$ cat start.txt   # compact mmCIF, C-alpha atoms and all ligand atoms
# COMPACT_ATOMS: atom_id res chain seq x y z
CA MET R 1 148.44 126.70 51.97
CA ASN R 2 148.00 128.38 48.57
CA SER R 3 147.60 132.11 47.91
CA SER R 4 143.76 132.00 47.85
CA GLN R 5 143.64 130.20 51.18
CA ALA R 6 146.17 132.67 52.63
CA LEU R 7 144.10 135.62 51.40
CA SER R 8 140.91 134.07 52.83
CA LYS R 9 142.61 133.54 56.19
CA LEU R 10 143.62 137.21 56.30
CA MET R 11 140.13 138.37 55.29
CA GLU R 12 138.42 136.14 57.86
CA GLY R 13 140.84 137.30 60.55
CA ASN R 14 140.12 140.92 59.71
CA ASN R 15 136.36 140.30 59.85
CA ARG R 16 136.75 138.88 63.38
CA TYR R 17 138.94 141.84 64.35
CA VAL R 18 136.35 144.34 63.07
CA GLU R 19 133.57 142.48 64.94
CA THR R 20 135.33 142.12 68.28
CA GLY R 21 137.93 144.92 68.18
CA ARG R 22 140.63 142.54 69.34
CA ASN R 23 143.04 139.85 68.20
CA ASP R 24 141.44 136.55 69.20
CA SER R 25 144.51 134.42 68.44
CA VAL R 26 145.76 132.34 71.32
CA PHE R 27 149.28 132.99 72.54
CA GLY R 28 150.92 130.61 74.96
CA LYS R 29 154.16 129.28 76.34
CA GLU R 30 153.74 125.93 74.60
CA TYR R 31 153.20 127.72 71.31
CA LEU R 32 156.34 129.85 71.84
CA LYS R 33 158.35 126.71 72.56
CA ASP R 34 157.01 124.99 69.45
CA LEU R 35 157.92 127.97 67.25
CA ALA R 36 161.41 128.16 68.75
CA GLU R 37 162.05 124.46 68.28
CA ASN R 38 160.42 123.94 64.89
CA GLY R 39 161.08 127.30 63.24
CA GLN R 40 158.75 129.79 61.63
CA HIS R 41 156.26 128.84 58.92
CA PRO R 42 154.37 132.05 58.16
CA PHE R 43 151.52 131.77 55.64
CA ALA R 44 151.85 135.33 54.30
CA CYS R 45 154.16 138.31 54.15
CA VAL R 46 152.62 141.69 54.97
CA ILE R 47 154.34 144.96 54.08
CA CYS R 48 152.81 147.93 55.87
CA CYS R 49 153.42 151.25 57.57
CA ALA R 50 155.19 151.63 60.94
CA ASP R 51 152.11 153.57 62.15
CA SER R 52 151.34 152.29 65.67
CA ARG R 53 147.67 151.84 64.75
CA VAL R 54 148.54 149.50 61.91
CA VAL R 55 149.64 146.30 63.65
CA PRO R 56 149.16 143.51 61.10
CA GLU R 57 149.05 140.61 63.60
CA ASN R 58 146.14 142.30 65.35
CA ILE R 59 144.40 143.58 62.23
CA PHE R 60 144.32 140.03 60.85
CA SER R 61 143.80 138.30 64.19
CA VAL R 62 146.80 136.03 63.79
CA ASN R 63 149.36 134.64 66.20
CA ILE R 64 153.10 135.30 66.29
CA GLY R 65 154.85 133.17 63.67
CA GLU R 66 151.95 133.41 61.22
CA ILE R 67 152.83 136.46 59.14
CA PHE R 68 156.21 137.77 58.11
CA THR R 69 155.95 141.55 58.46
CA ILE R 70 158.02 144.29 56.88
CA ARG R 71 157.31 147.79 58.16
CA ASN R 72 158.55 151.35 57.76
CA ALA R 73 156.92 154.77 57.68
CA GLY R 74 154.86 154.95 54.50
CA ASN R 75 155.54 151.30 53.53
CA VAL R 76 158.23 152.47 51.12
CA ILE R 77 159.70 149.55 49.19
CA ASP R 78 163.44 149.84 48.62
CA ASN R 79 166.11 147.18 48.19
CA ALA R 80 166.01 146.09 51.85
CA GLU R 81 162.24 145.59 51.69
CA VAL R 82 162.43 143.72 48.37
CA GLY R 83 165.20 141.54 49.83
CA SER R 84 163.08 140.80 52.90
CA ALA R 85 160.14 139.87 50.68
CA GLU R 86 162.40 137.65 48.56
CA TYR R 87 163.54 135.90 51.74
CA ALA R 88 159.93 135.31 52.82
CA ALA R 89 158.94 133.94 49.41
CA LEU R 90 162.04 131.95 48.54
CA HIS R 91 163.08 130.55 51.91
CA LEU R 92 159.92 130.64 54.01
CA HIS R 93 157.71 129.77 51.00
CA VAL R 94 154.93 132.24 51.75
CA PRO R 95 152.37 131.99 48.92
CA LEU R 96 151.15 135.57 49.41
CA ILE R 97 152.70 139.00 49.82
CA LEU R 98 150.24 141.73 50.81
CA VAL R 99 151.16 145.39 50.50
CA LEU R 100 148.90 147.13 52.99
CA GLY R 101 148.45 150.89 52.80
CA HIS R 102 146.32 152.74 55.33
CA THR R 103 144.16 155.83 55.68
CA LYS R 104 145.39 158.91 57.59
CA CYS R 105 149.01 157.94 56.84
CA GLY R 106 151.49 160.53 58.16
CA ALA R 107 154.08 159.61 55.53
CA VAL R 108 151.55 160.17 52.75
CA GLN R 109 150.60 163.48 54.41
CA ALA R 110 154.31 164.42 54.46
CA ALA R 111 154.50 163.64 50.73
CA LEU R 112 151.45 165.82 50.07
CA SER R 113 152.71 168.73 52.19
CA GLY R 114 156.24 168.56 50.74
CA ASN R 115 157.95 167.84 54.08
CA ASP R 116 161.69 167.72 53.42
CA GLU R 117 163.21 167.43 56.91
CA GLY R 118 166.17 165.06 56.99
CA ASN R 119 165.41 161.53 55.95
CA ILE R 120 161.68 162.11 56.35
CA GLY R 121 162.18 164.09 53.15
CA TYR R 122 163.52 160.98 51.46
CA ILE R 123 160.40 159.00 52.38
CA ALA R 124 158.12 161.90 51.38
CA SER R 125 159.80 162.38 48.00
CA ARG R 126 159.74 158.63 47.30
CA ILE R 127 155.99 158.56 47.88
CA LYS R 128 155.30 161.87 46.12
CA LYS R 129 156.89 160.65 42.88
CA GLU R 130 154.15 158.05 42.48
CA LEU R 131 151.14 160.19 43.30
CA GLY R 132 150.87 161.85 39.90
CA GLY R 133 149.37 165.06 41.30
CA GLU R 134 146.64 163.22 43.22
CA THR R 135 145.70 165.10 46.41
CA ASP R 136 143.05 162.89 48.04
CA PRO R 137 144.95 161.24 50.94
CA ARG R 138 142.98 157.98 50.75
CA ILE R 139 143.61 157.57 47.02
CA CYS R 140 147.27 158.54 47.59
CA SER R 141 147.65 155.77 50.21
CA ALA R 142 146.14 153.24 47.80
CA ARG R 143 148.32 154.46 44.95
CA ASN R 144 151.44 154.23 47.13
CA ALA R 145 150.59 150.60 47.98
CA VAL R 146 149.97 149.72 44.33
CA HIS R 147 153.31 151.27 43.43
CA GLY R 148 154.94 149.15 46.16
CA ALA R 149 153.42 145.99 44.69
CA ASN R 150 154.69 146.94 41.22
CA THR R 151 158.19 147.48 42.64
CA LEU R 152 158.11 143.97 44.12
CA LYS R 153 157.10 142.51 40.75
CA GLU R 154 160.31 143.93 39.25
CA SER R 155 162.29 141.46 41.40
CA PRO R 156 163.43 138.55 39.17
CA ILE R 157 163.12 136.16 42.15
CA LEU R 158 159.56 137.22 42.93
CA SER R 159 158.42 137.42 39.29
CA LYS R 160 159.74 133.89 38.68
CA LEU R 161 157.75 132.58 41.66
CA ILE R 162 154.66 134.42 40.38
CA SER R 163 155.04 132.88 36.91
CA GLU R 164 155.34 129.44 38.54
CA GLU R 165 152.09 130.19 40.42
CA LYS R 166 153.87 129.76 43.74
CA LEU R 167 153.35 133.38 44.75
CA ARG R 168 150.75 136.11 44.50
CA ILE R 169 151.18 139.79 45.34
CA ALA R 170 148.07 141.59 46.57
CA VAL R 171 147.26 145.15 47.64
CA ALA R 172 144.84 146.33 50.33
CA LEU R 173 143.95 149.44 52.29
CA TYR R 174 143.44 149.52 56.07
CA ASP R 175 140.92 152.04 57.40
CA VAL R 176 142.17 153.30 60.79
CA ASP R 177 138.66 154.52 61.69
CA THR R 178 136.86 151.22 61.24
CA GLY R 179 139.62 148.59 61.43
CA LYS R 180 138.42 147.26 58.10
CA VAL R 181 140.81 146.10 55.37
CA SER R 182 139.57 146.61 51.80
CA PHE R 183 141.19 144.17 49.39
ZN ZN R 201 151.42 155.41 57.60
$ encode --input "start.txt" --output "structure tokens"
Amino acid sequence: MNSSQALSKLMEGNNRYVETGRNDSVFGKEYLKDLAENGQHPFACVICCADSRVVPENIFSVNIGEIFTIRNAGNVIDNAEVGSAEYAALHLHVPLILVLGHTKCGAVQAALSGNDEGNIGYIASRIKKELGGETDPRICSARNAVHGANTLKESPILSKLISEEKLRIAVALYDVDTGKVSF
């Protein structure tokens, strides 16, 4: 699968999810056994927030084993996240990495309100740095995702794969009200 096909598969899955409000992928014991015996072959890597409403497998109507997901509050991209993305691209050969921000993000709200409690403060300050004074939460979520994608592109491993046209990095925004992903 190439990056365009991977992107289309995600978009089509999201359209079905928006229509039906559920993940229509088929899970099953045989499928579990096959994955365990033959290993994982995900077609995309998705980096998104830990928000319990933002479950990428459901949003894109895919089965287990189909997307390699990296999640934390606010989809902050630090060394561990870049390393995970490098693993997905280099060893699992995913042709697409999608950084997925979302509306009504608590981490973005924390950045906007200047929350500095414990390590929440770390996440908030990391996000705030990239907002450039923007105060609209939706735009801030999009900006945070774009910044994440730019951070990934600084990885020599990922940028090499991009230059070889083996990898594409995309950005999208998930609307928690409608279930719709805007690419
Ligand atoms: Zn969030």
$ closest_residue --input "start.txt" --among "R:Val26, R:Ile59, R:Ile70, R:Leu112" --to "R:Met11" --atoms "all atoms listed in the file"
R:Ile59
$ residues_near_ligand --input "start.txt" --ligand "ligand ZN 201 (chain R)" --cutoff "9 Å" --atoms "all atoms listed in the file" --output "list in words"
Cys48, Cys49, Ala50, Asp51, Ser52, Arg53, Val54, Asn72, Ala73, Gly74, Asn75, Gly101, His102, Thr103, Lys104, Cys105, Gly106, Ala107, Val108, Gln109 and Ser141 of chain R
$ residues_around --input "start.txt" --residues "R:Ala111" --least-positions-apart "5" --cutoff "8 Å" --atoms "all atoms listed in the file" --output "PyMOL selection string"
chain R and resi 123-125+127-128
$ closest_residue --input "start.txt" --among "R:Leu10, R:Leu92, R:Val171, R:Ala149" --to "R:Glu57" --atoms "only C-alpha atoms"
R:Leu10
$ closest_residue --input "start.txt" --among "R:Ala89, R:Leu100, R:Val46, R:Leu167" --to "R:Val62" --atoms "all atoms listed in the file"
R:Val46
$ closest_residue --input "start.txt" --among "R:Lys160, R:Arg22, R:Arg126, R:His41" --to "R:Met1" --atoms "only C-alpha atoms"
R:His41
$ residues_around --input "start.txt" --residues "stretch 77-79 of chain R" --least-positions-apart "3" --cutoff "6 Å" --atoms "all atoms listed in the file" --output "PyMOL selection string"
chain R and resi 82-83+148
$ closest_residue --input "start.txt" --among "R:Glu37, R:Glu165, R:Glu12, R:Asp116" --to "R:Val94" --atoms "only C-alpha atoms"
R:Glu165
$ closest_residue --input "start.txt" --among "R:Ala142, R:Gly39, R:Glu117, R:Val18" --to "R:Asp177" --atoms "only C-alpha atoms"
R:Val18
$ atom_distance --input "start.txt" --atom1 "atom CA of R:Arg16" --atom2 "atom CA of R:Asn2"
21.4 Å
$ atom_distance --input "start.txt" --atom1 "atom CA of R:Lys180" --atom2 "atom CA of R:Ile64"
20.6 Å
$ atom_distance --input "start.txt" --atom1 "atom CA of R:Gly133" --atom2 "atom CA of R:Leu173"
19.9 Å
$ residues_around --input "start.txt" --residues "R:Leu90" --least-positions-apart "6" --cutoff "12 Å" --atoms "only C-alpha atoms" --output "JSON, numbers by chain"
{"R": [45, 82, 83, 84, 96, 97, 155, 156, 157, 158, 159, 160, 161, 162, 166, 167]}
$ residues_around --input "start.txt" --residues "R:Asn14" --least-positions-apart "5" --cutoff "9 Å" --atoms "all atoms listed in the file" --output "list of chain:residue names"
R:Lys9, R:Glu19, R:Asn58, R:Ile59, R:Phe60, R:Ser61, R:Gly179, R:Lys180, R:Val181
